[in-house]
>>> print(open('query20.pdb').read())   # PDB, C-alpha atoms
ATOM      1  CA  ASN A1124     -17.761 -45.035   8.819  1.00  0.00           C
ATOM      2  CA  ALA A1125     -14.298 -45.334  10.303  1.00  0.00           C
ATOM      3  CA  GLY A1126     -15.766 -46.024  13.751  1.00  0.00           C
ATOM      4  CA  VAL A1127     -13.344 -45.187  16.564  1.00  0.00           C
ATOM      5  CA  THR A1128      -9.889 -44.035  15.487  1.00  0.00           C
ATOM      6  CA  GLN A1129      -6.837 -43.490  17.659  1.00  0.00           C
ATOM      7  CA  THR A1130      -3.508 -41.789  17.037  1.00  0.00           C
ATOM      8  CA  PRO A1131      -0.706 -42.587  17.288  1.00  0.00           C
ATOM      9  CA  LYS A1132      -0.626 -46.384  16.950  1.00  0.00           C
ATOM     10  CA  PHE A1133       2.738 -46.641  18.710  1.00  0.00           C
ATOM     11  CA  GLN A1134       4.733 -44.249  20.879  1.00  0.00           C
ATOM     12  CA  VAL A1135       7.940 -44.424  22.886  1.00  0.00           C
ATOM     13  CA  LEU A1136       8.507 -41.783  25.567  1.00  0.00           C
ATOM     14  CA  LYS A1137      11.236 -41.088  28.050  1.00  0.00           C
ATOM     15  CA  THR A1138      10.330 -40.741  31.718  1.00  0.00           C
ATOM     16  CA  GLY A1139       9.062 -37.232  32.397  1.00  0.00           C
ATOM     17  CA  GLN A1140       7.992 -36.452  28.843  1.00  0.00           C
ATOM     18  CA  SER A1141       4.417 -35.487  28.093  1.00  0.00           C
ATOM     19  CA  MET A1142       2.098 -36.505  25.295  1.00  0.00           C
ATOM     20  CA  THR A1143      -1.528 -36.568  24.243  1.00  0.00           C
ATOM     21  CA  LEU A1144      -3.321 -39.587  22.842  1.00  0.00           C
ATOM     22  CA  GLN A1145      -6.053 -38.663  20.405  1.00  0.00           C
ATOM     23  CA  CYS A1146      -9.376 -40.419  19.905  1.00  0.00           C
ATOM     24  CA  ALA A1147     -12.195 -39.601  17.501  1.00  0.00           C
ATOM     25  CA  GLN A1148     -15.461 -41.323  16.634  1.00  0.00           C
ATOM     26  CA  ASP A1149     -17.758 -40.694  13.690  1.00  0.00           C
ATOM     27  CA  MET A1150     -20.825 -42.517  15.005  1.00  0.00           C
ATOM     28  CA  ASN A1151     -22.375 -39.486  16.710  1.00  0.00           C
ATOM     29  CA  HIS A1152     -21.975 -41.230  20.059  1.00  0.00           C
ATOM     30  CA  ASN A1153     -22.540 -39.335  23.276  1.00  0.00           C
ATOM     31  CA  SER A1154     -20.279 -41.293  25.622  1.00  0.00           C
ATOM     32  CA  MET A1155     -16.544 -41.903  25.292  1.00  0.00           C
ATOM     33  CA  TYR A1156     -14.029 -43.817  27.410  1.00  0.00           C
ATOM     34  CA  TRP A1157     -10.312 -44.356  27.899  1.00  0.00           C
ATOM     35  CA  TYR A1158      -8.991 -47.725  29.085  1.00  0.00           C
ATOM     36  CA  ARG A1159      -5.563 -49.187  29.605  1.00  0.00           C
ATOM     37  CA  GLN A1160      -4.754 -52.860  29.135  1.00  0.00           C
ATOM     38  CA  ASP A1161      -1.782 -54.429  30.860  1.00  0.00           C
ATOM     39  CA  PRO A1162      -0.668 -58.054  30.596  1.00  0.00           C
ATOM     40  CA  GLY A1163      -2.534 -60.150  33.117  1.00  0.00           C
ATOM     41  CA  MET A1164      -4.647 -57.189  34.274  1.00  0.00           C
ATOM     42  CA  GLY A1165      -7.505 -56.944  31.808  1.00  0.00           C
ATOM     43  CA  LEU A1166      -8.909 -53.586  30.744  1.00  0.00           C
ATOM     44  CA  ARG A1167      -9.162 -50.832  33.338  1.00  0.00           C
ATOM     45  CA  LEU A1168     -11.129 -47.613  32.965  1.00  0.00           C
ATOM     46  CA  ILE A1169      -9.059 -44.425  33.262  1.00  0.00           C
ATOM     47  CA  TYR A1170     -11.605 -41.696  32.517  1.00  0.00           C
ATOM     48  CA  TYR A1171     -14.908 -41.422  30.771  1.00  0.00           C
ATOM     49  CA  SER A1172     -17.129 -38.723  29.340  1.00  0.00           C
ATOM     50  CA  ALA A1173     -20.833 -39.429  29.585  1.00  0.00           C
ATOM     51  CA  SER A1174     -21.637 -36.552  27.254  1.00  0.00           C
ATOM     52  CA  GLU A1175     -19.995 -33.551  25.627  1.00  0.00           C
ATOM     53  CA  GLY A1176     -18.745 -31.182  28.288  1.00  0.00           C
ATOM     54  CA  THR A1177     -18.487 -33.737  31.108  1.00  0.00           C
ATOM     55  CA  THR A1178     -15.673 -35.988  32.249  1.00  0.00           C
ATOM     56  CA  ASP A1179     -15.352 -38.320  35.230  1.00  0.00           C
ATOM     57  CA  LYS A1180     -12.665 -40.465  36.804  1.00  0.00           C
ATOM     58  CA  GLY A1181     -12.642 -44.190  36.334  1.00  0.00           C
ATOM     59  CA  GLU A1182     -10.742 -46.877  38.193  1.00  0.00           C
ATOM     60  CA  VAL A1183      -7.153 -45.686  37.537  1.00  0.00           C
ATOM     61  CA  PRO A1184      -7.122 -41.904  36.813  1.00  0.00           C
ATOM     62  CA  ASN A1185      -3.878 -40.914  38.565  1.00  0.00           C
ATOM     63  CA  GLY A1186      -1.255 -39.491  36.211  1.00  0.00           C
ATOM     64  CA  TYR A1187      -3.743 -38.722  33.449  1.00  0.00           C
ATOM     65  CA  ASN A1188      -5.956 -35.880  32.305  1.00  0.00           C
ATOM     66  CA  VAL A1189      -8.639 -35.857  29.660  1.00  0.00           C
ATOM     67  CA  SER A1190     -10.415 -33.365  27.445  1.00  0.00           C
ATOM     68  CA  ARG A1191     -13.702 -33.858  25.654  1.00  0.00           C
ATOM     69  CA  LEU A1192     -12.944 -31.379  22.909  1.00  0.00           C
ATOM     70  CA  ASN A1193     -16.301 -31.799  21.177  1.00  0.00           C
ATOM     71  CA  LYS A1194     -18.764 -34.597  20.624  1.00  0.00           C
ATOM     72  CA  ARG A1195     -16.374 -36.462  18.305  1.00  0.00           C
ATOM     73  CA  GLU A1196     -13.061 -36.166  20.118  1.00  0.00           C
ATOM     74  CA  PHE A1197     -11.786 -37.291  23.516  1.00  0.00           C
ATOM     75  CA  SER A1198      -8.088 -36.928  24.275  1.00  0.00           C
ATOM     76  CA  LEU A1199      -5.934 -38.435  27.026  1.00  0.00           C
ATOM     77  CA  ARG A1200      -2.901 -36.549  28.288  1.00  0.00           C
ATOM     78  CA  LEU A1201       0.097 -37.833  30.198  1.00  0.00           C
ATOM     79  CA  GLU A1202       1.742 -34.780  31.760  1.00  0.00           C
ATOM     80  CA  SER A1203       4.875 -36.531  33.051  1.00  0.00           C
ATOM     81  CA  ALA A1204       5.148 -40.076  31.767  1.00  0.00           C
ATOM     82  CA  ALA A1205       6.334 -42.852  34.068  1.00  0.00           C
ATOM     83  CA  PRO A1206       7.402 -46.436  33.244  1.00  0.00           C
ATOM     84  CA  SER A1207       4.279 -47.650  35.092  1.00  0.00           C
ATOM     85  CA  GLN A1208       2.229 -46.053  32.307  1.00  0.00           C
ATOM     86  CA  THR A1209       3.669 -48.442  29.718  1.00  0.00           C
ATOM     87  CA  SER A1210       0.519 -50.083  28.412  1.00  0.00           C
ATOM     88  CA  VAL A1211      -1.881 -50.415  25.521  1.00  0.00           C
ATOM     89  CA  TYR A1212      -4.478 -47.657  25.595  1.00  0.00           C
ATOM     90  CA  PHE A1213      -7.942 -48.143  24.141  1.00  0.00           C
ATOM     91  CA  CYS A1214     -10.538 -45.517  23.452  1.00  0.00           C
ATOM     92  CA  ALA A1215     -14.182 -46.553  23.228  1.00  0.00           C
ATOM     93  CA  SER A1216     -17.502 -44.892  22.547  1.00  0.00           C
ATOM     94  CA  SER A1217     -21.159 -45.715  23.036  1.00  0.00           C
ATOM     95  CA  GLU A1218     -24.381 -44.149  21.861  1.00  0.00           C
ATOM     96  CA  GLY A1219     -25.372 -43.454  25.426  1.00  0.00           C
ATOM     97  CA  ALA A1220     -25.152 -44.928  28.853  1.00  0.00           C
ATOM     98  CA  SER A1221     -23.368 -48.249  28.998  1.00  0.00           C
ATOM     99  CA  THR A1222     -26.387 -49.681  30.735  1.00  0.00           C
ATOM    100  CA  LEU A1223     -28.226 -49.468  27.444  1.00  0.00           C
ATOM    101  CA  TYR A1224     -25.671 -49.348  24.652  1.00  0.00           C
ATOM    102  CA  GLU A1225     -22.605 -51.395  23.777  1.00  0.00           C
ATOM    103  CA  GLN A1226     -19.179 -49.830  23.662  1.00  0.00           C
ATOM    104  CA  TYR A1227     -17.187 -49.791  20.421  1.00  0.00           C
ATOM    105  CA  PHE A1228     -13.423 -49.876  20.794  1.00  0.00           C
ATOM    106  CA  GLY A1229     -10.661 -48.260  18.775  1.00  0.00           C
ATOM    107  CA  PRO A1230      -7.564 -50.170  17.598  1.00  0.00           C
ATOM    108  CA  GLY A1231      -5.410 -49.088  20.529  1.00  0.00           C
ATOM    109  CA  THR A1232      -2.172 -47.149  21.104  1.00  0.00           C
ATOM    110  CA  ARG A1233       0.847 -49.070  22.338  1.00  0.00           C
ATOM    111  CA  LEU A1234       2.848 -46.789  24.637  1.00  0.00           C
ATOM    112  CA  THR A1235       6.279 -47.568  26.035  1.00  0.00           C
ATOM    113  CA  VAL A1236       7.851 -45.330  28.657  1.00  0.00           C
ATOM    114  CA  THR A1237      11.592 -45.894  29.208  1.00  0.00           C
TER     115      THR A1237
ATOM    116  CA  GLU B 285     -13.472 -54.616  46.302  1.00  0.00           C
ATOM    117  CA  ASP B 286     -15.268 -55.215  43.031  1.00  0.00           C
ATOM    118  CA  LYS B 287     -13.785 -57.958  40.894  1.00  0.00           C
ATOM    119  CA  VAL B 288     -14.430 -60.139  37.886  1.00  0.00           C
ATOM    120  CA  VAL B 289     -12.604 -63.461  37.699  1.00  0.00           C
ATOM    121  CA  GLN B 290     -12.329 -65.535  34.551  1.00  0.00           C
ATOM    122  CA  SER B 291     -11.258 -69.140  34.207  1.00  0.00           C
ATOM    123  CA  PRO B 292      -9.371 -70.758  32.765  1.00  0.00           C
ATOM    124  CA  LEU B 293      -6.795 -68.100  31.883  1.00  0.00           C
ATOM    125  CA  SER B 294      -5.818 -70.038  28.784  1.00  0.00           C
ATOM    126  CA  LEU B 295      -7.159 -73.013  26.900  1.00  0.00           C
ATOM    127  CA  VAL B 296      -5.995 -75.020  23.899  1.00  0.00           C
ATOM    128  CA  VAL B 297      -8.505 -77.119  21.976  1.00  0.00           C
ATOM    129  CA  HIS B 298      -8.828 -78.707  18.544  1.00  0.00           C
ATOM    130  CA  GLU B 299     -11.235 -77.699  15.824  1.00  0.00           C
ATOM    131  CA  GLY B 300     -14.662 -79.158  16.396  1.00  0.00           C
ATOM    132  CA  ASP B 301     -14.364 -79.216  20.178  1.00  0.00           C
ATOM    133  CA  THR B 302     -16.887 -77.487  22.436  1.00  0.00           C
ATOM    134  CA  VAL B 303     -15.525 -75.089  25.050  1.00  0.00           C
ATOM    135  CA  THR B 304     -16.987 -73.420  28.119  1.00  0.00           C
ATOM    136  CA  LEU B 305     -15.468 -70.225  29.483  1.00  0.00           C
ATOM    137  CA  ASN B 306     -16.286 -69.140  33.007  1.00  0.00           C
ATOM    138  CA  CYS B 307     -16.774 -65.739  34.589  1.00  0.00           C
ATOM    139  CA  SER B 308     -17.598 -65.026  38.223  1.00  0.00           C
ATOM    140  CA  TYR B 309     -18.181 -61.566  39.603  1.00  0.00           C
ATOM    141  CA  GLU B 310     -18.498 -59.544  42.755  1.00  0.00           C
ATOM    142  CA  VAL B 311     -19.652 -56.139  41.598  1.00  0.00           C
ATOM    143  CA  THR B 312     -21.420 -53.524  43.684  1.00  0.00           C
ATOM    144  CA  ASN B 313     -24.557 -52.120  42.050  1.00  0.00           C
ATOM    145  CA  PHE B 314     -24.349 -54.792  39.389  1.00  0.00           C
ATOM    146  CA  ARG B 315     -26.369 -54.078  36.260  1.00  0.00           C
ATOM    147  CA  SER B 316     -25.290 -56.532  33.553  1.00  0.00           C
ATOM    148  CA  LEU B 317     -22.562 -58.926  32.453  1.00  0.00           C
ATOM    149  CA  LEU B 318     -20.881 -58.440  29.085  1.00  0.00           C
ATOM    150  CA  TRP B 319     -18.690 -60.656  26.924  1.00  0.00           C
ATOM    151  CA  TYR B 320     -16.166 -59.356  24.395  1.00  0.00           C
ATOM    152  CA  LYS B 321     -13.885 -61.084  21.897  1.00  0.00           C
ATOM    153  CA  GLN B 322     -10.418 -59.601  21.419  1.00  0.00           C
ATOM    154  CA  GLU B 323      -8.410 -60.796  18.481  1.00  0.00           C
ATOM    155  CA  LYS B 324      -5.341 -58.807  17.518  1.00  0.00           C
ATOM    156  CA  LYS B 325      -6.570 -55.379  18.455  1.00  0.00           C
ATOM    157  CA  ALA B 326      -9.829 -53.923  19.711  1.00  0.00           C
ATOM    158  CA  PRO B 327     -12.349 -55.897  21.747  1.00  0.00           C
ATOM    159  CA  THR B 328     -15.599 -56.515  19.910  1.00  0.00           C
ATOM    160  CA  PHE B 329     -18.915 -56.923  21.668  1.00  0.00           C
ATOM    161  CA  LEU B 330     -20.530 -60.354  21.879  1.00  0.00           C
ATOM    162  CA  PHE B 331     -23.314 -60.359  24.480  1.00  0.00           C
ATOM    163  CA  MET B 332     -24.892 -58.317  27.220  1.00  0.00           C
ATOM    164  CA  LEU B 333     -26.726 -60.374  29.862  1.00  0.00           C
ATOM    165  CA  THR B 334     -29.020 -58.672  32.302  1.00  0.00           C
ATOM    166  CA  SER B 335     -31.562 -61.294  33.304  1.00  0.00           C
ATOM    167  CA  SER B 336     -30.769 -64.554  35.025  1.00  0.00           C
ATOM    168  CA  GLY B 337     -31.402 -67.832  33.222  1.00  0.00           C
ATOM    169  CA  ILE B 338     -32.055 -66.417  29.756  1.00  0.00           C
ATOM    170  CA  GLU B 339     -29.630 -67.774  27.187  1.00  0.00           C
ATOM    171  CA  LYS B 340     -28.341 -65.511  24.467  1.00  0.00           C
ATOM    172  CA  LYS B 341     -27.170 -67.088  21.221  1.00  0.00           C
ATOM    173  CA  SER B 342     -25.256 -65.926  18.221  1.00  0.00           C
ATOM    174  CA  GLY B 343     -24.361 -68.681  15.810  1.00  0.00           C
ATOM    175  CA  ARG B 344     -22.124 -71.163  17.605  1.00  0.00           C
ATOM    176  CA  LEU B 345     -21.732 -68.904  20.639  1.00  0.00           C
ATOM    177  CA  SER B 346     -24.121 -68.807  23.557  1.00  0.00           C
ATOM    178  CA  SER B 347     -24.039 -67.344  27.034  1.00  0.00           C
ATOM    179  CA  ILE B 348     -26.092 -67.398  30.189  1.00  0.00           C
ATOM    180  CA  LEU B 349     -26.077 -65.507  33.477  1.00  0.00           C
ATOM    181  CA  ASP B 350     -26.793 -66.785  36.984  1.00  0.00           C
ATOM    182  CA  LYS B 351     -27.386 -63.785  39.252  1.00  0.00           C
ATOM    183  CA  LYS B 352     -27.912 -65.933  42.313  1.00  0.00           C
ATOM    184  CA  GLU B 353     -24.543 -67.662  42.054  1.00  0.00           C
ATOM    185  CA  LEU B 354     -22.882 -64.587  40.461  1.00  0.00           C
ATOM    186  CA  PHE B 355     -21.427 -66.198  37.376  1.00  0.00           C
ATOM    187  CA  SER B 356     -21.771 -66.459  33.643  1.00  0.00           C
ATOM    188  CA  ILE B 357     -20.574 -68.959  31.064  1.00  0.00           C
ATOM    189  CA  LEU B 358     -19.752 -68.538  27.412  1.00  0.00           C
ATOM    190  CA  ASN B 359     -20.101 -71.665  25.283  1.00  0.00           C
ATOM    191  CA  ILE B 360     -18.582 -72.121  21.860  1.00  0.00           C
ATOM    192  CA  THR B 361     -19.609 -75.235  19.938  1.00  0.00           C
ATOM    193  CA  ALA B 362     -17.837 -76.761  16.927  1.00  0.00           C
ATOM    194  CA  THR B 363     -14.849 -74.467  17.445  1.00  0.00           C
ATOM    195  CA  GLN B 364     -12.921 -73.130  14.448  1.00  0.00           C
ATOM    196  CA  THR B 365      -9.431 -71.652  14.196  1.00  0.00           C
ATOM    197  CA  GLY B 366     -11.085 -68.250  13.762  1.00  0.00           C
ATOM    198  CA  ASP B 367     -12.405 -68.532  17.301  1.00  0.00           C
ATOM    199  CA  SER B 368      -8.853 -68.164  18.600  1.00  0.00           C
ATOM    200  CA  ALA B 369      -8.856 -64.965  20.638  1.00  0.00           C
ATOM    201  CA  ILE B 370      -8.932 -63.564  24.139  1.00  0.00           C
ATOM    202  CA  TYR B 371     -12.456 -63.600  25.547  1.00  0.00           C
ATOM    203  CA  LEU B 372     -13.145 -60.836  28.034  1.00  0.00           C
ATOM    204  CA  CYS B 373     -15.907 -60.762  30.586  1.00  0.00           C
ATOM    205  CA  ALA B 374     -16.980 -57.461  32.176  1.00  0.00           C
ATOM    206  CA  GLY B 375     -19.387 -56.472  34.917  1.00  0.00           C
ATOM    207  CA  LEU B 376     -21.443 -53.348  34.310  1.00  0.00           C
ATOM    208  CA  TYR B 377     -22.058 -51.375  37.468  1.00  0.00           C
ATOM    209  CA  GLY B 378     -23.137 -48.005  38.690  1.00  0.00           C
ATOM    210  CA  GLY B 379     -25.951 -45.583  38.170  1.00  0.00           C
ATOM    211  CA  SER B 380     -27.503 -44.285  35.003  1.00  0.00           C
ATOM    212  CA  GLN B 381     -24.235 -44.106  33.081  1.00  0.00           C
ATOM    213  CA  GLY B 382     -22.790 -47.470  34.060  1.00  0.00           C
ATOM    214  CA  ASN B 383     -19.142 -48.464  33.845  1.00  0.00           C
ATOM    215  CA  LEU B 384     -17.340 -51.707  33.127  1.00  0.00           C
ATOM    216  CA  ILE B 385     -14.963 -53.715  35.277  1.00  0.00           C
ATOM    217  CA  PHE B 386     -13.143 -56.334  33.218  1.00  0.00           C
ATOM    218  CA  GLY B 387     -11.746 -59.730  34.044  1.00  0.00           C
ATOM    219  CA  LYS B 388      -8.253 -60.681  32.904  1.00  0.00           C
ATOM    220  CA  GLY B 389      -9.559 -62.678  29.979  1.00  0.00           C
ATOM    221  CA  THR B 390      -9.353 -66.263  28.758  1.00  0.00           C
ATOM    222  CA  LYS B 391      -6.956 -66.891  25.890  1.00  0.00           C
ATOM    223  CA  LEU B 392      -8.465 -69.537  23.624  1.00  0.00           C
ATOM    224  CA  SER B 393      -6.302 -71.248  21.014  1.00  0.00           C
ATOM    225  CA  VAL B 394      -8.012 -73.534  18.516  1.00  0.00           C
ATOM    226  CA  LYS B 395      -5.653 -75.916  16.704  1.00  0.00           C
ATOM    227  CA  PRO B 396      -6.492 -77.302  13.244  1.00  0.00           C
TER     228      PRO B 396
END
>>> encode(input="query20.pdb", output="structure tokens")
Amino acid sequence: NAGVTQTPKFQVLKTGQSMTLQCAQDMNHNSMYWYRQDPGMGLRLIYYSASEGTTDKGEVPNGYNVSRLNKREFSLRLESAAPSQTSVYFCASSEGASTLYEQYFGPGTRLTVT
Amino acid sequence: EDKVVQSPLSLVVHEGDTVTLNCSYEVTNFRSLLWYKQEKKAPTFLFMLTSSGIEKKSGRLSSILDKKELFSILNITATQTGDSAIYLCAGLYGGSQGNLIFGKGTKLSVKP
């Protein structure tokens, strides 16, 4: 099992450009999450998908959209990138509700917006 | 406002030392407290603590939760250089799904 995979590993964007971060898991997990990690800020939840077909906002959703394409894949889209979105983005998945199951994290995507 | 505060923010010790990492929380609809270890990339799960006063152990690592005083500690005994990492604490809150609010982490460096 590859676990949680993310593409790309690194990306540099200019302000105003758009891009989609891809995440896939092969553990047949129901729930998936997108976090961003900034220096000195810890991990913050952007969006999550409790199950296929549902998505909900987390702590910092502004400037992002998500799509739960199927049970395996959960993508994060930046429609018009801003320097404030420079961060490391982590995707995670869990078998079910976080109250019962641990989250497994992907290796992260380092995004720089100039 | 919900928050999770970790201390110290960084710590340097020598191999063989014992360390204690602290985590305090103010989280609405608190469910559990989780600890993660983050080395170069993805955080990896260590413990989930839901009940007060019950210690969880995994090898040289142990953790306990105090729901009255709203804090948790993570102990590492006989530290090794491989323990060098950022240790993240997170409060699990909310309804049936549950979501995590993370602290800023404690960066532990273990010197040979």
>>> atom_distance(input="query20.pdb", atom1="atom CA of B:Ala369", atom2="atom CA of B:Lys325")
10.1 Å
>>> closest_residue(input="query20.pdb", among="B:Ala362, B:Leu349, B:Leu376, B:Ile370", to="chain A", atoms="all atoms listed in the file")
B:Leu376
>>> closest_atom_pairs(input="query20.pdb", of="chain A", to="chain B", cutoff="7 Å", atoms="only C-alpha atoms", output="Markdown table")
| residue | atom | partner | partner_atom | distance |
| --- | --- | --- | --- | --- |
| A:Gly1163 | CA | B:Lys388 | CA | 5.7 |
| A:Met1164 | CA | B:Lys388 | CA | 5.2 |
| A:Gly1165 | CA | B:Lys388 | CA | 4.0 |
| A:Leu1166 | CA | B:Phe386 | CA | 5.6 |
| A:Arg1167 | CA | B:Ile385 | CA | 6.8 |
| A:Ala1173 | CA | B:Gln381 | CA | 6.8 |
| A:Ala1220 | CA | B:Gln381 | CA | 4.4 |
| A:Ser1221 | CA | B:Gly382 | CA | 5.2 |
| A:Thr1222 | CA | B:Gly382 | CA | 5.4 |
| A:Glu1225 | CA | B:Phe329 | CA | 7.0 |
| A:Tyr1227 | CA | B:Thr328 | CA | 6.9 |
| A:Phe1228 | CA | B:Ala326 | CA | 5.5 |
| A:Gly1229 | CA | B:Ala326 | CA | 5.8 |
| A:Pro1230 | CA | B:Ala326 | CA | 4.9 |
| A:Gly1231 | CA | B:Ala326 | CA | 6.6 |
>>> axis_aligned_box(input="query20.pdb", around="stretch 1234-1237 of chain A", padding_each_side="4 Å", output="AutoDock Vina command-line options")
--center_x 7.2 --center_y -46.4 --center_z 26.9 --size_x 16.7 --size_y 10.2 --size_z 12.6
>>> resolve_selection(input="query20.pdb", expression="the PyMOL selection byres ((chain A and resi 1204) around 9)", output="mmCIF file with C-alpha atoms, in the frame of the given file")
data_model
loop_
_atom_site.group_PDB
_atom_site.id
_atom_site.type_symbol
_atom_site.label_atom_id
_atom_site.label_comp_id
_atom_site.auth_asym_id
_atom_site.auth_seq_id
_atom_site.Cartn_x
_atom_site.Cartn_y
_atom_site.Cartn_z
ATOM 1 C CA LEU A 1136 8.507 -41.783 25.567
ATOM 2 C CA LYS A 1137 11.236 -41.088 28.050
ATOM 3 C CA THR A 1138 10.330 -40.741 31.718
ATOM 4 C CA GLY A 1139 9.062 -37.232 32.397
ATOM 5 C CA GLN A 1140 7.992 -36.452 28.843
ATOM 6 C CA SER A 1141 4.417 -35.487 28.093
ATOM 7 C CA MET A 1142 2.098 -36.505 25.295
ATOM 8 C CA GLY A 1186 -1.255 -39.491 36.211
ATOM 9 C CA LEU A 1201 0.097 -37.833 30.198
ATOM 10 C CA GLU A 1202 1.742 -34.780 31.760
ATOM 11 C CA SER A 1203 4.875 -36.531 33.051
ATOM 12 C CA ALA A 1205 6.334 -42.852 34.068
ATOM 13 C CA PRO A 1206 7.402 -46.436 33.244
ATOM 14 C CA SER A 1207 4.279 -47.650 35.092
ATOM 15 C CA GLN A 1208 2.229 -46.053 32.307
ATOM 16 C CA THR A 1209 3.669 -48.442 29.718
ATOM 17 C CA VAL A 1236 7.851 -45.330 28.657
#
>>> closest_residue(input="query20.pdb", among="B:Val297, B:Leu333, B:Val311, B:Val303", to="B:Ser356", atoms="all atoms listed in the file")
B:Leu333
>>> closest_residue(input="query20.pdb", among="B:Glu323, B:Asp350, B:Glu339, B:Asp301", to="B:Gln364", atoms="all atoms listed in the file")
B:Asp301
>>> closest_residue(input="query20.pdb", among="B:Thr302, B:Ser393, B:Thr363, B:Ser308", to="B:Lys351", atoms="only C-alpha atoms")
B:Ser308
>>> resolve_selection(input="query20.pdb", expression="the PyMOL selection byres ((chain A and resi 1150) around 9)", output="ChimeraX atom specification")
/A:1124-1127,1148-1149,1151-1152,1195,1216-1218
>>> atom_distance(input="query20.pdb", atom1="atom CA of A:Glu1196", atom2="atom CA of A:Phe1213")
13.6 Å
>>> decode(input="query20.pdb", residues="stretch 1178-1196 of chain A", atoms="N, CA and C atoms", output="compact mmCIF listing (two decimals), in the first residue's frame")
# COMPACT_ATOMS: atom_id res chain seq x y z
N THR A 1178 -18.45 17.46 1.41
CA THR A 1178 -17.28 18.26 1.80
C THR A 1178 -17.75 19.34 2.76
N ASP A 1179 -16.85 19.74 3.66
CA ASP A 1179 -17.19 20.77 4.64
C ASP A 1179 -15.98 21.65 4.89
N LYS A 1180 -16.26 22.90 5.27
CA LYS A 1180 -15.18 23.84 5.57
C LYS A 1180 -14.54 23.52 6.90
N GLY A 1181 -13.24 23.80 6.94
CA GLY A 1181 -12.50 23.68 8.18
C GLY A 1181 -12.24 25.05 8.76
N GLU A 1182 -11.06 25.22 9.33
CA GLU A 1182 -10.72 26.46 10.03
C GLU A 1182 -10.37 27.60 9.09
N VAL A 1183 -9.71 27.30 7.96
CA VAL A 1183 -9.20 28.34 7.05
C VAL A 1183 -9.58 28.05 5.60
N PRO A 1184 -10.86 28.06 5.22
CA PRO A 1184 -11.26 27.66 3.87
C PRO A 1184 -11.15 28.74 2.79
N ASN A 1185 -11.02 30.02 3.21
CA ASN A 1185 -11.09 31.09 2.21
C ASN A 1185 -9.96 31.00 1.19
N GLY A 1186 -10.32 31.11 -0.09
CA GLY A 1186 -9.34 31.06 -1.16
C GLY A 1186 -9.14 29.68 -1.73
N TYR A 1187 -9.87 28.70 -1.20
CA TYR A 1187 -9.71 27.32 -1.64
C TYR A 1187 -11.06 26.70 -2.00
N ASN A 1188 -11.00 25.72 -2.89
CA ASN A 1188 -12.14 24.85 -3.15
C ASN A 1188 -11.65 23.41 -3.17
N VAL A 1189 -12.56 22.49 -2.92
CA VAL A 1189 -12.19 21.09 -2.92
C VAL A 1189 -13.19 20.28 -3.73
N SER A 1190 -12.71 19.10 -4.14
CA SER A 1190 -13.58 18.15 -4.83
C SER A 1190 -13.25 16.76 -4.34
N ARG A 1191 -14.28 16.05 -3.88
CA ARG A 1191 -14.08 14.63 -3.54
C ARG A 1191 -14.51 13.87 -4.79
N LEU A 1192 -13.54 13.55 -5.61
CA LEU A 1192 -13.81 13.01 -6.94
C LEU A 1192 -14.42 11.61 -6.86
N ASN A 1193 -13.94 10.84 -5.91
CA ASN A 1193 -14.43 9.49 -5.65
C ASN A 1193 -13.91 9.12 -4.27
N LYS A 1194 -14.05 7.89 -3.87
CA LYS A 1194 -13.64 7.54 -2.52
C LYS A 1194 -12.13 7.71 -2.33
N ARG A 1195 -11.35 7.50 -3.37
CA ARG A 1195 -9.90 7.53 -3.27
C ARG A 1195 -9.31 8.94 -3.32
N GLU A 1196 -9.94 9.84 -4.05
CA GLU A 1196 -9.27 11.09 -4.41
C GLU A 1196 -9.98 12.33 -3.86
